[in-house]
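The file input-v6.cif contains mmCIF, C-alpha atoms:
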data_upload
loop_
_atom_site.label_atom_id
_atom_site.label_comp_id
_atom_site.auth_asym_id
_atom_site.auth_seq_id
_atom_site.Cartn_x
_atom_site.Cartn_y
_atom_site.Cartn_z
CA ASN A 27 17.14 4.47 10.85
CA ALA A 28 14.63 1.76 11.67
CA GLY A 29 12.07 3.25 9.26
CA VAL A 30 8.54 2.13 10.13
CA THR A 31 8.15 -0.46 12.86
CA GLN A 32 5.04 -2.26 14.06
CA THR A 33 4.27 -4.20 17.21
CA PRO A 34 3.21 -6.90 17.69
CA LYS A 35 4.09 -9.01 14.62
CA PHE A 36 1.44 -11.63 15.34
CA ARG A 37 -1.59 -11.77 17.59
CA VAL A 38 -4.51 -14.12 18.17
CA LEU A 39 -7.63 -12.72 19.81
CA LYS A 40 -10.95 -14.12 20.85
CA THR A 41 -14.13 -12.44 19.64
CA GLY A 42 -14.92 -9.46 21.85
CA GLN A 43 -11.39 -8.88 23.11
CA SER A 44 -9.64 -5.58 22.58
CA MET A 45 -6.13 -4.73 21.54
CA THR A 46 -3.91 -1.91 20.30
CA LEU A 47 -1.45 -2.07 17.43
CA LEU A 48 1.48 0.31 17.64
CA CYS A 49 3.21 1.95 14.70
CA ALA A 50 6.36 4.02 15.07
CA GLN A 51 8.40 5.90 12.47
CA ASP A 52 11.73 7.68 12.85
CA MET A 53 11.71 9.62 9.56
CA ASN A 54 9.92 12.70 10.92
CA HIS A 55 7.01 12.10 8.53
CA GLU A 56 3.88 14.19 8.90
CA TYR A 57 1.45 11.68 7.42
CA MET A 58 0.71 8.22 8.78
CA TYR A 59 -1.74 5.55 7.63
CA TRP A 60 -3.24 2.26 8.71
CA TYR A 61 -4.20 -0.31 6.05
CA ARG A 62 -5.58 -3.82 6.14
CA GLN A 63 -4.75 -6.42 3.52
CA ASP A 64 -7.05 -9.32 2.81
CA PRO A 65 -6.65 -12.00 0.10
CA GLY A 66 -7.78 -10.69 -3.28
CA MET A 67 -8.60 -7.25 -1.87
CA GLY A 68 -5.33 -5.35 -2.06
CA LEU A 69 -4.64 -2.75 0.64
CA ARG A 70 -7.56 -0.80 2.06
CA LEU A 71 -7.15 2.37 4.09
CA ILE A 72 -8.62 2.22 7.60
CA HIS A 73 -7.64 5.57 9.13
CA TYR A 74 -4.96 8.15 8.51
CA SER A 75 -3.38 11.17 10.16
CA VAL A 76 -2.00 14.37 8.67
CA GLY A 77 -0.22 15.42 11.84
CA GLU A 78 0.08 15.08 15.59
CA GLY A 79 -3.32 15.23 17.24
CA THR A 80 -5.33 14.77 14.01
CA THR A 81 -6.96 11.66 12.58
CA ALA A 82 -9.46 10.94 9.82
CA LYS A 83 -11.45 8.01 8.47
CA GLY A 84 -10.37 6.06 5.44
CA GLU A 85 -12.23 3.55 3.32
CA VAL A 86 -12.99 0.92 6.00
CA PRO A 87 -12.98 2.63 9.44
CA ASP A 88 -15.80 0.74 11.20
CA GLY A 89 -14.72 -1.21 14.27
CA TYR A 90 -11.39 0.64 14.60
CA ASN A 91 -10.18 3.72 16.43
CA VAL A 92 -6.87 5.54 16.16
CA SER A 93 -4.80 8.08 18.03
CA ARG A 94 -1.77 10.19 17.13
CA LEU A 95 -0.60 11.72 20.40
CA LYS A 96 3.02 11.95 19.24
CA LYS A 97 4.24 12.67 15.73
CA GLN A 98 6.24 9.48 15.52
CA ASN A 99 3.51 7.12 16.76
CA PHE A 100 0.16 6.05 15.32
CA LEU A 101 -1.99 3.62 17.30
CA LEU A 102 -4.77 1.44 15.93
CA GLY A 103 -7.30 0.09 18.40
CA LEU A 104 -9.86 -2.67 18.15
CA GLU A 105 -12.39 -2.24 20.95
CA SER A 106 -14.32 -5.47 20.43
CA ALA A 107 -12.63 -7.75 17.93
CA ALA A 108 -14.69 -9.68 15.38
CA PRO A 109 -13.66 -12.54 13.07
CA SER A 110 -14.12 -10.18 10.09
CA GLN A 111 -11.13 -8.23 11.42
CA THR A 112 -8.81 -11.16 10.82
CA SER A 113 -6.30 -9.64 8.44
CA VAL A 114 -2.76 -8.37 7.97
CA TYR A 115 -2.42 -4.77 9.13
CA PHE A 116 0.14 -2.42 7.64
CA CYS A 117 1.17 0.97 8.87
CA ALA A 118 2.75 3.49 6.50
CA SER A 119 4.11 7.01 6.65
CA SER A 120 5.02 9.72 4.16
CA TYR A 121 6.34 13.26 3.89
CA SER A 122 4.12 16.27 3.48
CA THR A 123 5.33 18.42 0.58
CA ASP A 124 3.97 20.17 -2.47
CA ARG A 125 4.91 17.25 -4.70
CA ALA A 126 2.11 15.48 -6.50
CA TYR A 127 2.54 12.51 -4.23
CA ASN A 128 5.13 11.13 -1.95
CA GLU A 129 6.21 7.55 -1.57
CA GLN A 130 4.62 5.83 1.41
CA PHE A 131 7.00 3.76 3.51
CA PHE A 132 5.46 0.62 4.96
CA GLY A 133 6.04 -1.28 8.15
CA PRO A 134 6.48 -5.08 8.20
CA GLY A 135 2.85 -5.77 9.09
CA THR A 136 0.91 -7.37 11.95
CA ARG A 137 -0.92 -10.62 11.31
CA LEU A 138 -4.08 -10.65 13.43
CA THR A 139 -6.39 -13.64 13.82
CA VAL A 140 -9.71 -13.29 15.61
CA LEU A 141 -11.31 -16.58 16.66
CA GLU B 15 -16.24 5.57 -6.02
CA ASP B 16 -12.53 5.48 -6.78
CA LYS B 17 -11.41 2.19 -8.25
CA VAL B 18 -8.15 0.56 -9.33
CA VAL B 19 -8.19 -2.76 -11.20
CA GLN B 20 -5.13 -4.87 -11.95
CA SER B 21 -4.78 -7.69 -14.41
CA PRO B 22 -3.97 -10.45 -14.54
CA LEU B 23 -4.50 -11.40 -10.89
CA SER B 24 -1.97 -14.18 -11.20
CA LEU B 25 0.78 -14.97 -13.70
CA VAL B 26 3.28 -17.81 -13.93
CA VAL B 27 6.18 -17.60 -16.37
CA HIS B 28 9.62 -19.07 -16.90
CA GLU B 29 12.84 -17.33 -16.01
CA GLY B 30 13.97 -15.12 -18.86
CA ASP B 31 10.47 -14.32 -20.10
CA THR B 32 9.15 -10.77 -20.39
CA VAL B 33 5.95 -9.91 -18.55
CA THR B 34 3.50 -7.02 -18.72
CA LEU B 35 1.27 -6.17 -15.77
CA ASN B 36 -1.74 -3.93 -16.22
CA CYS B 37 -3.40 -1.34 -14.03
CA SER B 38 -6.54 0.61 -14.95
CA TYR B 39 -8.17 3.21 -12.76
CA GLU B 40 -11.18 5.42 -12.24
CA VAL B 41 -10.50 8.14 -9.70
CA THR B 42 -11.48 11.76 -9.24
CA ASN B 43 -8.75 14.38 -9.45
CA PHE B 44 -5.96 12.03 -10.44
CA ARG B 45 -2.55 13.12 -9.19
CA SER B 46 -0.16 10.16 -9.34
CA LEU B 47 0.09 6.43 -9.95
CA LEU B 48 2.52 4.35 -7.92
CA TRP B 49 3.83 0.80 -8.31
CA TYR B 50 4.93 -1.29 -5.34
CA LYS B 51 6.51 -4.73 -5.05
CA GLN B 52 5.46 -6.93 -2.15
CA GLU B 53 7.45 -10.04 -1.38
CA LYS B 54 7.00 -11.56 2.06
CA LYS B 55 6.08 -8.53 4.06
CA ALA B 56 6.00 -4.79 3.49
CA PRO B 57 5.36 -3.31 0.04
CA THR B 58 8.42 -1.55 -1.34
CA PHE B 59 8.22 1.38 -3.72
CA LEU B 60 9.13 0.94 -7.40
CA PHE B 61 7.89 3.91 -9.43
CA MET B 62 5.70 6.97 -9.31
CA LEU B 63 4.17 8.34 -12.53
CA THR B 64 2.45 11.67 -12.80
CA SER B 65 2.74 12.60 -16.47
CA SER B 66 1.30 10.74 -19.38
CA GLY B 67 3.57 8.99 -21.85
CA ILE B 68 6.75 9.29 -19.83
CA GLU B 69 8.48 6.01 -19.17
CA LYS B 70 10.09 5.37 -15.82
CA LYS B 71 12.86 2.79 -15.92
CA SER B 72 14.94 0.99 -13.37
CA GLY B 73 17.10 -1.82 -14.66
CA ARG B 74 14.84 -4.49 -16.12
CA LEU B 75 11.66 -2.82 -14.87
CA SER B 76 9.86 -0.05 -16.68
CA SER B 77 6.46 1.60 -16.44
CA ILE B 78 4.40 3.98 -18.50
CA LEU B 79 1.21 5.90 -17.81
CA ASP B 80 -1.62 6.74 -20.22
CA LYS B 81 -3.77 9.42 -18.58
CA LYS B 82 -6.13 9.60 -21.53
CA GLU B 83 -6.99 5.90 -21.45
CA LEU B 84 -6.60 5.73 -17.63
CA PHE B 85 -4.12 2.89 -17.36
CA SER B 86 -0.53 2.02 -16.65
CA ILE B 87 1.65 -0.96 -17.46
CA LEU B 88 4.63 -2.40 -15.66
CA ASN B 89 7.09 -4.33 -17.81
CA ILE B 90 9.72 -6.70 -16.52
CA THR B 91 12.22 -8.05 -19.03
CA ALA B 92 14.53 -11.05 -18.63
CA THR B 93 12.66 -12.11 -15.50
CA GLN B 94 14.49 -13.76 -12.61
CA THR B 95 13.19 -15.88 -9.74
CA GLY B 96 13.79 -12.90 -7.46
CA ASP B 97 11.09 -11.01 -9.36
CA SER B 98 8.49 -13.36 -7.89
CA ALA B 99 6.21 -11.17 -5.78
CA VAL B 100 2.85 -9.44 -5.66
CA TYR B 101 2.92 -6.21 -7.64
CA LEU B 102 0.59 -3.50 -6.39
CA CYS B 103 -0.68 -0.52 -8.30
CA ALA B 104 -1.97 2.49 -6.34
CA VAL B 105 -3.49 5.77 -7.44
CA GLY B 106 -3.48 9.06 -5.60
CA PRO B 107 -6.84 10.72 -6.13
CA GLY B 108 -6.18 14.19 -4.82
CA GLN B 109 -4.28 16.59 -2.65
CA GLY B 110 -3.96 16.87 1.09
CA ALA B 111 -3.48 13.64 2.91
CA GLN B 112 -2.11 11.78 -0.08
CA LYS B 113 -4.42 8.85 0.41
CA LEU B 114 -3.83 5.99 -1.98
CA VAL B 115 -6.34 3.64 -3.56
CA PHE B 116 -4.79 0.23 -4.22
CA GLY B 117 -5.61 -2.42 -6.76
CA GLN B 118 -5.93 -6.10 -5.84
CA GLY B 119 -2.39 -6.86 -6.90
CA THR B 120 -0.89 -9.24 -9.46
CA ARG B 121 0.86 -12.31 -8.07
CA LEU B 122 3.84 -13.03 -10.33
CA THR B 123 5.63 -16.35 -10.09
CA ILE B 124 8.87 -16.94 -11.99
CA ASN B 125 9.81 -20.59 -12.41
CA PRO B 126 13.45 -21.53 -13.01
#

Could you quickly redo this structure as structure tokens?
Amino acid sequence: NAGVTQTPKFRVLKTGQSMTLLCAQDMNHEYMYWYRQDPGMGLRLIHYSVGEGTTAKGEVPDGYNVSRLKKQNFLLGLESAAPSQTSVYFCASSYSTDRAYNEQFFGPGTRLTVL
Amino acid sequence: EDKVVQSPLSLVVHEGDTVTLNCSYEVTNFRSLLWYKQEKKAPTFLFMLTSSGIEKKSGRLSSILDKKELFSILNITATQTGDSAVYLCAVGPGQGAQKLVFGQGTRLTINP
């Protein structure tokens, strides 16, 4: 099992350009998440999905869009990149059960720089 | 607004020392508290605590939750250089999508 994979690993954009980050998981997880991590800020939730075809906003959704067309994939899009979106982006996934919470499995991250 | 605060933000100790990392929280409908270790890249799961006063233990690492006082501690005994990492505390504030609210993290450095 590859677990959670992310592409690309690194990317440099100019202000105003667009791009899509791809997250894939092979654990048959229902839930998927996109986070950004900035120095001193911890991880902040951008968007999440509770199943194929559904998405919802997290804590910091502005400037991002997402899609979950297939259960195993969760895409994060930046339509018009801004320097404030320079960050490390992590994708995660987890099971859906009746347990109080389930461990989230994280991908290796994408380092994005917007000039 | 849900909030998770970790302290200290940074800690430098010598190999063999014991360290205690703190995590306090204010969330609605608390369900669980999770600890993660982040070295170079992806955070990796350490513990999940849902009941107050129960200690979770794995080797030299242990954690306890106090739901009355709204905090958790992570202890690491006989520290090794491989324990150097950022330790993240996260709280699950409800059912459904299992969204997590993360603290800022504590950067732990173990010097030989």

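Applied to the shown file, the PyMOL selection byres ((chain B) within 9 of (chain A)) selects the residues Leu23, Arg45, Ser46, Leu47, Leu48, Lys54, Lys55, Ala56, Pro57, Thr58, Phe59, Phe61, Met62, Thr64, Leu102, Gly106, Gly108, Gln109, Gly110, Ala111, Gln112, Lys113, Leu114, Val115, Phe116, Gly117, Gln118 and Gly119 of chain B.
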
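For the point (-6.2, 7.8, -19.6) in file coordinates, the residues within 10 Å, using all atoms listed in the file, are Ser38, Tyr39, Glu40, Ser66, Leu79, Asp80, Lys81, Lys82, Glu83, Leu84, Phe85 and Ser86 of chain B.
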
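Compared by their closest atoms to A:Arg137, and using all atoms listed in the file, the residues A:Thr112, A:Asn91, A:Gln51, A:Ser119 rank with A:Thr112 nearest.
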
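Matched in the shown structure by the PyMOL selection byres ((chain B and resi 95) around 9): His28, Glu29, Thr93, Gln94, Gly96, Asp97, Ser98, Thr123, Ile124, Asn125 and Pro126 of chain B.
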
If you keep C-alpha atoms, can you produce a file of those selected residues as an mmCIF file, keeping the file's coordinate frame?
data_model
loop_
_atom_site.group_PDB
_atom_site.id
_atom_site.type_symbol
_atom_site.label_atom_id
_atom_site.label_comp_id
_atom_site.auth_asym_id
_atom_site.auth_seq_id
_atom_site.Cartn_x
_atom_site.Cartn_y
_atom_site.Cartn_z
ATOM 1 C CA HIS B 28 9.620 -19.070 -16.900
ATOM 2 C CA GLU B 29 12.840 -17.330 -16.010
ATOM 3 C CA THR B 93 12.660 -12.110 -15.500
ATOM 4 C CA GLN B 94 14.490 -13.760 -12.610
ATOM 5 C CA GLY B 96 13.790 -12.900 -7.460
ATOM 6 C CA ASP B 97 11.090 -11.010 -9.360
ATOM 7 C CA SER B 98 8.490 -13.360 -7.890
ATOM 8 C CA THR B 123 5.630 -16.350 -10.090
ATOM 9 C CA ILE B 124 8.870 -16.940 -11.990
ATOM 10 C CA ASN B 125 9.810 -20.590 -12.410
ATOM 11 C CA PRO B 126 13.450 -21.530 -13.010
#

Measuring atom to atom with all atoms listed in the file, identify which of B:Pro107, B:Thr120, B:Ser65, B:Glu53 is nearest to B:Asp16.
B:Pro107

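Coordinates place atom CA of B:Ser76 at a distance of 9.4 Å from atom CA of B:Leu60.
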
Take the PyMOL selection byres ((chain B and resi 73-75) around 12), apply it to the structure above, and return the hits as a ChimeraX atom specification.
/B:30-35,49-51,60-61,69-72,76-78,87-94,97,101

What does the distance from atom CA of A:Leu39 to atom CA of A:Gly79 come to in Å, to one decimal?
28.4 Å

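The neighbours of A:Leu141 here are the residues that come within 7 Å of it, using all atoms listed in the file and leaving out any residue fewer than 4 positions away in the same chain; they are Leu39, Lys40, Thr41 and Pro109 of chain A.
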
Quick one: residues within 10 Å of A:Asp52, all atoms listed in the file, excluding same-chain residues fewer than 3 positions away - as a list in words?
Asn27, Ala28, Gly29, Val30, Thr31, His55, Lys97, Gln98, Asn99 and Ser119 of chain A

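Atom CA of B:Leu122 to atom CA of B:Val19 spans 15.8 Å [interatomic distance, one decimal].
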
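When all atoms listed in the file are used to compute distances to A:Ala107, the closest of the residues A:Leu138, A:Gly42, A:Leu48, A:Pro87 turns out to be A:Gly42.
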
Selection near A:Leu104, 8 Å with all atoms listed in the file, sequence-local residues under 6 positions removed, as a short mmCIF file (atom, residue, chain, number, x, y, z; two decimals) with C-alpha atoms, in the frame of the given file:
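Generated file (out.cif):
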data_model
loop_
_atom_site.label_atom_id
_atom_site.label_comp_id
_atom_site.auth_asym_id
_atom_site.auth_seq_id
_atom_site.Cartn_x
_atom_site.Cartn_y
_atom_site.Cartn_z
CA SER A 44 -9.64 -5.58 22.58
CA MET A 45 -6.13 -4.73 21.54
CA THR A 46 -3.91 -1.91 20.30
CA GLY A 89 -14.72 -1.21 14.27
CA TYR A 90 -11.39 0.64 14.60
CA ASN A 91 -10.18 3.72 16.43
#

Would you mind putting back all heavy atoms on stretch 47-58 of chain A, then writing it out as a compact mmCIF listing (two decimals), in the frame of the given file?
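Dumped everything to rebuild.txt:
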# COMPACT_ATOMS: atom_id res chain seq x y z
N LEU A 47 -2.63 -1.88 18.25
CA LEU A 47 -1.45 -2.07 17.43
C LEU A 47 -0.67 -0.75 17.42
O LEU A 47 -1.24 0.32 17.25
CB LEU A 47 -1.82 -2.43 15.99
CG LEU A 47 -2.26 -3.86 15.68
CD1 LEU A 47 -3.59 -4.18 16.34
CD2 LEU A 47 -2.36 -4.07 14.19
N LEU A 48 0.65 -0.87 17.59
CA LEU A 48 1.48 0.31 17.64
C LEU A 48 2.32 0.44 16.39
O LEU A 48 2.92 -0.54 15.93
CB LEU A 48 2.40 0.25 18.86
CG LEU A 48 3.48 1.35 18.94
CD1 LEU A 48 2.85 2.73 19.07
CD2 LEU A 48 4.43 1.09 20.09
N CYS A 49 2.36 1.63 15.83
CA CYS A 49 3.21 1.95 14.70
C CYS A 49 4.13 3.10 15.09
O CYS A 49 3.66 4.09 15.66
CB CYS A 49 2.38 2.34 13.49
SG CYS A 49 3.35 2.89 12.07
N ALA A 50 5.40 2.97 14.78
CA ALA A 50 6.36 4.02 15.07
C ALA A 50 7.23 4.27 13.85
O ALA A 50 7.63 3.32 13.17
CB ALA A 50 7.22 3.65 16.27
N GLN A 51 7.52 5.56 13.58
CA GLN A 51 8.40 5.90 12.47
C GLN A 51 9.43 6.94 12.95
O GLN A 51 9.10 7.82 13.75
CB GLN A 51 7.61 6.42 11.26
CG GLN A 51 6.64 7.54 11.53
CD GLN A 51 7.17 8.93 11.30
OE1 GLN A 51 8.30 9.13 10.83
NE2 GLN A 51 6.36 9.94 11.64
N ASP A 52 10.64 6.79 12.42
CA ASP A 52 11.73 7.68 12.85
C ASP A 52 12.21 8.57 11.71
O ASP A 52 13.36 9.02 11.70
CB ASP A 52 12.88 6.87 13.45
CG ASP A 52 13.49 5.89 12.46
OD1 ASP A 52 13.05 5.86 11.29
OD2 ASP A 52 14.41 5.15 12.86
N MET A 53 11.34 8.82 10.74
CA MET A 53 11.71 9.62 9.56
C MET A 53 11.13 11.03 9.62
O MET A 53 11.20 11.77 8.64
CB MET A 53 11.24 8.88 8.31
CG MET A 53 11.94 7.54 8.11
SD MET A 53 11.29 6.58 6.74
CE MET A 53 9.80 5.92 7.47
N ASN A 54 10.51 11.37 10.73
CA ASN A 54 9.92 12.70 10.92
C ASN A 54 8.81 12.98 9.89
O ASN A 54 8.62 14.14 9.47
CB ASN A 54 10.99 13.80 10.86
CG ASN A 54 10.53 15.06 11.58
OD1 ASN A 54 9.81 14.99 12.57
ND2 ASN A 54 10.93 16.20 11.06
N HIS A 55 8.09 11.93 9.49
CA HIS A 55 7.01 12.10 8.53
C HIS A 55 5.79 12.71 9.17
O HIS A 55 5.44 12.39 10.31
CB HIS A 55 6.62 10.75 7.92
CG HIS A 55 7.62 10.24 6.94
ND1 HIS A 55 7.60 8.94 6.47
CD2 HIS A 55 8.67 10.83 6.33
CE1 HIS A 55 8.59 8.77 5.61
NE2 HIS A 55 9.24 9.90 5.51
N GLU A 56 5.12 13.59 8.40
CA GLU A 56 3.88 14.19 8.90
C GLU A 56 2.71 13.22 8.82
O GLU A 56 1.86 13.15 9.69
CB GLU A 56 3.54 15.44 8.07
CG GLU A 56 4.40 16.64 8.39
CD GLU A 56 4.11 17.19 9.78
OE1 GLU A 56 2.99 17.01 10.29
OE2 GLU A 56 5.03 17.78 10.37
N TYR A 57 2.63 12.50 7.69
CA TYR A 57 1.45 11.68 7.42
C TYR A 57 1.69 10.23 7.84
O TYR A 57 2.76 9.68 7.57
CB TYR A 57 1.11 11.70 5.93
CG TYR A 57 0.68 13.03 5.38
CD1 TYR A 57 0.79 13.30 4.02
CD2 TYR A 57 0.17 14.02 6.20
CE1 TYR A 57 0.40 14.52 3.50
CE2 TYR A 57 -0.23 15.24 5.68
CZ TYR A 57 -0.12 15.48 4.33
OH TYR A 57 -0.51 16.69 3.81
N MET A 58 0.66 9.64 8.44
CA MET A 58 0.71 8.22 8.78
C MET A 58 -0.62 7.58 8.44
O MET A 58 -1.66 8.25 8.45
CB MET A 58 1.05 8.03 10.27
CG MET A 58 2.46 8.53 10.62
SD MET A 58 2.98 8.15 12.29
CE MET A 58 3.37 6.40 12.16
